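Okay, target_19.txt now, which holds compact mmCIF, C-alpha atoms:
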```
# COMPACT_ATOMS: atom_id res chain seq x y z
CA MET N 223 0.00 0.00 0.00
CA TYR N 224 1.34 3.43 -0.97
CA ASN N 225 2.07 5.70 1.96
CA GLU N 226 2.36 9.24 0.57
CA LYS N 227 3.62 10.68 3.85
CA LEU N 228 6.35 8.01 4.19
CA GLU N 229 7.50 8.52 0.60
CA LEU N 230 7.56 12.30 1.03
CA LEU N 231 9.44 12.01 4.33
CA ASN N 232 12.03 9.67 2.83
CA ASN N 233 12.50 11.99 -0.15
CA ILE N 234 13.02 15.03 2.09
CA ARG N 235 15.46 13.01 4.22
CA GLU N 236 17.45 12.09 1.09
CA TYR N 237 17.48 15.74 0.06
CA GLN N 238 18.87 16.72 3.48
CA LEU N 239 21.46 13.92 3.38
CA ASN N 240 22.60 15.20 -0.01
CA ARG N 241 22.89 18.72 1.43
CA ILE N 242 25.06 17.28 4.23
CA SER N 243 27.31 15.60 1.69
CA VAL N 244 27.68 18.81 -0.34
CA SER N 245 28.41 20.83 2.80
CA GLU N 246 31.00 18.34 4.07
CA LYS N 247 32.72 18.40 0.68
CA ALA N 248 32.80 22.21 0.70
CA ILE N 249 34.34 22.18 4.19
CA SER N 250 36.94 19.63 3.14
CA GLU N 251 37.86 21.66 0.03
CA ALA N 252 38.09 24.87 2.06
CA ILE N 253 40.37 23.21 4.62
CA GLU N 254 42.57 21.91 1.81
CA SER N 255 42.65 25.38 0.24
CA ARG N 256 43.55 26.95 3.60
CA ASP N 257 46.35 24.45 4.13
CA ASN N 258 47.70 25.01 0.61
CA GLU N 259 47.53 28.77 1.19
CA SER N 260 49.84 28.41 4.16
CA LYS N 261 52.41 26.55 2.07
CA SER N 262 52.49 29.01 -0.81
CA SER N 263 52.17 32.47 0.75
CA MET N 264 53.98 34.69 3.20
CA GLY N 265 53.19 37.83 5.19
CA ASP N 266 49.96 39.82 5.50
CA LYS N 267 48.49 38.44 2.28
CA TYR N 268 48.89 34.95 3.68
CA GLU N 269 47.15 35.86 6.97
CA THR N 270 44.26 37.61 5.18
CA GLY N 271 43.75 34.69 2.81
CA ARG N 272 43.79 32.16 5.65
CA ALA N 273 41.36 34.27 7.70
CA MET N 274 38.92 34.54 4.80
CA ILE N 275 39.06 30.80 4.19
CA GLN N 276 38.55 30.14 7.91
CA ILE N 277 35.43 32.34 7.87
CA GLU N 278 34.12 30.26 4.96
CA ILE N 279 34.87 27.04 6.87
CA ASP N 280 33.05 28.39 9.95
CA ASN N 281 30.03 29.40 7.84
CA GLN N 282 29.91 26.00 6.15
CA GLN N 283 30.17 24.30 9.56
CA LYS N 284 27.20 26.33 10.86
CA GLN N 285 25.20 25.38 7.77
CA LEU N 286 26.15 21.72 8.22
CA ASN N 287 25.06 21.80 11.86
CA ASN N 288 21.71 23.37 10.87
CA ILE N 289 21.10 20.68 8.26
CA LYS N 290 21.93 17.96 10.79
CA GLU N 291 19.39 19.50 13.19
CA LEU N 292 16.74 19.42 10.44
CA LEU N 293 17.56 15.78 9.75
CA SER N 294 17.28 15.02 13.46
CA GLU N 295 13.80 16.59 13.49
CA LEU N 296 12.76 14.51 10.48
CA ASP N 297 13.93 11.36 12.26
CA LYS N 298 11.36 12.02 15.01
CA ILE N 299 8.45 11.59 12.60
CA ASP N 300 6.57 8.30 12.54
CA ALA N 301 5.19 8.33 8.99
CA THR N 302 3.02 5.28 9.66
CA LYS N 303 1.06 7.13 12.36
CA THR N 304 -2.26 8.61 11.26
CA ASN N 305 -3.24 11.80 13.01
CA THR N 306 -6.80 12.87 13.75
CA LYS N 307 -5.62 16.40 14.63
CA VAL N 308 -2.88 18.43 12.97
CA ASN N 309 0.38 17.99 14.81
CA PHE N 310 4.10 17.50 14.15
CA GLY N 311 4.41 14.92 11.37
CA SER N 312 0.96 15.54 9.86
CA LEU N 313 0.39 15.62 6.12
CA ILE N 314 -2.58 17.90 5.51
CA THR N 315 -4.61 18.14 2.33
CA THR N 316 -6.46 21.45 1.98
CA ASN N 317 -8.40 23.28 -0.69
CA PHE N 318 -5.17 25.22 -1.37
CA GLY N 319 -2.65 22.42 -1.46
CA LYS N 320 -0.82 19.99 0.77
CA PHE N 321 1.15 20.86 3.88
CA PHE N 322 3.67 18.62 5.61
CA ILE N 323 4.20 19.74 9.20
CA SER N 324 7.83 18.85 9.82
CA ILE N 325 10.73 21.24 9.16
CA GLY N 326 10.83 24.74 7.77
CA HIS N 327 11.69 24.11 4.14
CA GLY N 328 9.04 25.89 2.08
CA LYS N 329 7.79 24.72 -1.30
CA TYR N 330 8.90 21.22 -2.19
CA GLU N 331 8.08 19.35 -5.38
CA PHE N 332 7.76 15.58 -5.18
CA ASN N 333 6.18 13.18 -7.69
CA SER N 334 5.06 16.17 -9.81
CA GLU N 335 3.08 17.53 -6.88
CA LEU N 336 3.76 20.65 -4.82
CA TYR N 337 3.92 20.43 -1.03
CA TYR N 338 4.49 23.11 1.56
CA VAL N 339 6.96 21.69 4.05
CA ILE N 340 6.53 23.85 7.12
CA SER N 341 7.60 23.91 10.73
CA LEU N 342 5.04 23.63 13.49
CA LYS N 343 6.72 26.72 14.97
CA SER N 344 5.91 28.82 11.90
CA PRO N 345 2.88 31.14 12.02
CA ILE N 346 0.93 29.00 9.55
CA GLY N 347 1.99 25.83 11.38
CA GLN N 348 0.60 27.32 14.59
CA ALA N 349 -2.64 28.22 12.78
CA PHE N 350 -3.07 24.57 11.71
CA LEU N 351 -2.10 23.08 15.09
CA ASN N 352 -4.77 20.78 16.60
CA LYS N 353 -7.27 21.40 13.78
CA LYS N 354 -9.35 18.47 12.48
CA VAL N 355 -10.75 17.39 9.12
CA GLY N 356 -13.49 19.83 8.13
CA ASP N 357 -12.02 22.72 10.13
CA ASP N 358 -11.24 26.03 8.48
CA VAL N 359 -7.99 27.87 9.06
CA LYS N 360 -7.78 31.51 8.09
CA PHE N 361 -4.25 32.71 7.48
CA ILE N 362 -3.27 35.96 5.73
CA ASN N 363 -6.71 36.40 4.17
CA ILE N 364 -6.81 32.83 2.83
CA LYS N 365 -9.34 30.37 4.19
CA TYR N 366 -7.94 26.84 4.15
CA GLN N 367 -10.37 23.98 4.58
CA ILE N 368 -8.79 20.80 5.92
CA ASP N 369 -9.94 17.90 3.75
CA LYS N 370 -7.59 15.18 4.99
CA ILE N 371 -4.99 14.59 7.70
CA GLU N 372 -2.48 11.75 7.55
```

Using structure tokens, write down the structure that the file contains.
Amino acid sequence: MYNEKLELLNNIREYQLNRISVSEKAISEAIESRDNESKSSMGDKYETGRAMIQIEIDNQQKQLNNIKELLSELDKIDATKTNTKVNFGSLITTNFGKFFISIGHGKYEFNSELYYVISLKSPIGQAFLNKKVGDDVKFINIKYQIDKIE
């Protein structure tokens, strides 16, 4: 039996794992560049170049840590659980599209369908919290009707 929420969750996880791989590669390349800089340069130019590369490494490390946190949040979702009220891990079908309450990602295309992958902490996530099938949620002058919750 096809589980849309499980497939979507697995696809988002793979996307995040790929982002981790790209970030780790960027860090590795920056470290290599920094180390090569120290072998080929002298004086102030050398220090400035190393400092700029170190800033890039630090920024990449922060990004990597953020991605790992997102992945950790995704790992908390039980995609086989069906929710009767909107909560963390819910896949909601509305009259204006589908929302996956998980991590703050934004628009996400999967299987030729558009999903809004949003955090429960976001304003719209809070508006949906604890709503049931048939409930209306008004957010920024749009009235969403909840047709289905998985």

- Item | Best match for closeness to Asn333 (chain N) among N:Val359, N:Leu230, N:Ile314, N:Ala248, counting only C-alpha atoms | N:Leu230

- Atom pair CA of Ile325 (chain N) / CA of Lys247 (chain N): separation (Å):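 Between CA of Ile325 (chain N) and CA of Lys247 (chain N) the gap works out to 23.7 Å.
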
- Item | Which residue of N:Asn352, N:Asn258, N:Asn225, N:Glu246 approaches Thr306 (chain N) most closely, using only C-alpha atoms |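 Counting only C-alpha atoms, the residue closest to Thr306 (chain N) is N:Asn352.
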
- So, counting all atoms listed in the file, which residue among N:Ile346, N:Asp358, N:Leu228, N:Leu239 is closest to Lys370 (chain N)?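 Closest to Lys370 (chain N), using all atoms listed in the file: N:Asp358.
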
- Message: Report as a PyMOL selection string all protein, DNA and RNA residues lying within 12 Å of Asp280 (chain N), evaluated on all atoms listed in the file, omitting residues in the same chain fewer than 6 positions from it.
- Response: chain N and resi 245-246+248-250+252-253+273-274+286-287

- Message: Quick one: residues within 7 Å of Glu372 (chain N), all atoms listed in the file, excluding same-chain residues fewer than 5 positions away - as a list in words?
- Response: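 With the cut-off at 7 Å, the set is Thr304, Asn305, Ser312, Leu313 and Ile314 of chain N.
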
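Put simply, CA of Arg235 (chain N) is 17.5 Å away from CA of Leu342 (chain N).
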
- Message: Please report the interatomic distance between CA of Gly311 (chain N) and CA of Tyr330 (chain N) in Å with one decimal.
- Response: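 Separation of CA of Gly311 (chain N) and CA of Tyr330 (chain N): 15.6 Å.
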
- Message: Counting all atoms listed in the file, which residues have an atom no more than 10 Å from (6.3, 17.6, 12.4) in the file's coordinates? Please list them as an MDAnalysis selection string.
- Response: chainID N and resid 295:301 308:313 322:326 339:343 347

- From the list N:Ser294, N:Thr302, N:Asn281, N:Gln367, which residue is nearest Phe318 (chain N) when using only C-alpha atoms?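 The answer is N:Gln367, which sits nearest to Phe318 (chain N).
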
- Task: Rank nothing, just name the residue among N:Lys284, N:Lys320, N:Arg241, N:Lys354 nearest to Phe332 (chain N), using only C-alpha atoms.
- Result: N:Lys320

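Distance annotation: of N:Gln276, N:Gln238, N:Gln285, N:Thr270, the residue with the minimal separation from Glu254 (chain N) is N:Gln276; atom set is all atoms listed in the file.
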
- Task: Show which residues sit within 7 Å of Val355 (chain N), as a list in words. Count all atoms listed in the file, and ignore same-chain residues fewer than 3 positions away.
- Result: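 Surrounding residues, per the criterion: Ile368, Asp369, Lys370 and Ile371 of chain N.
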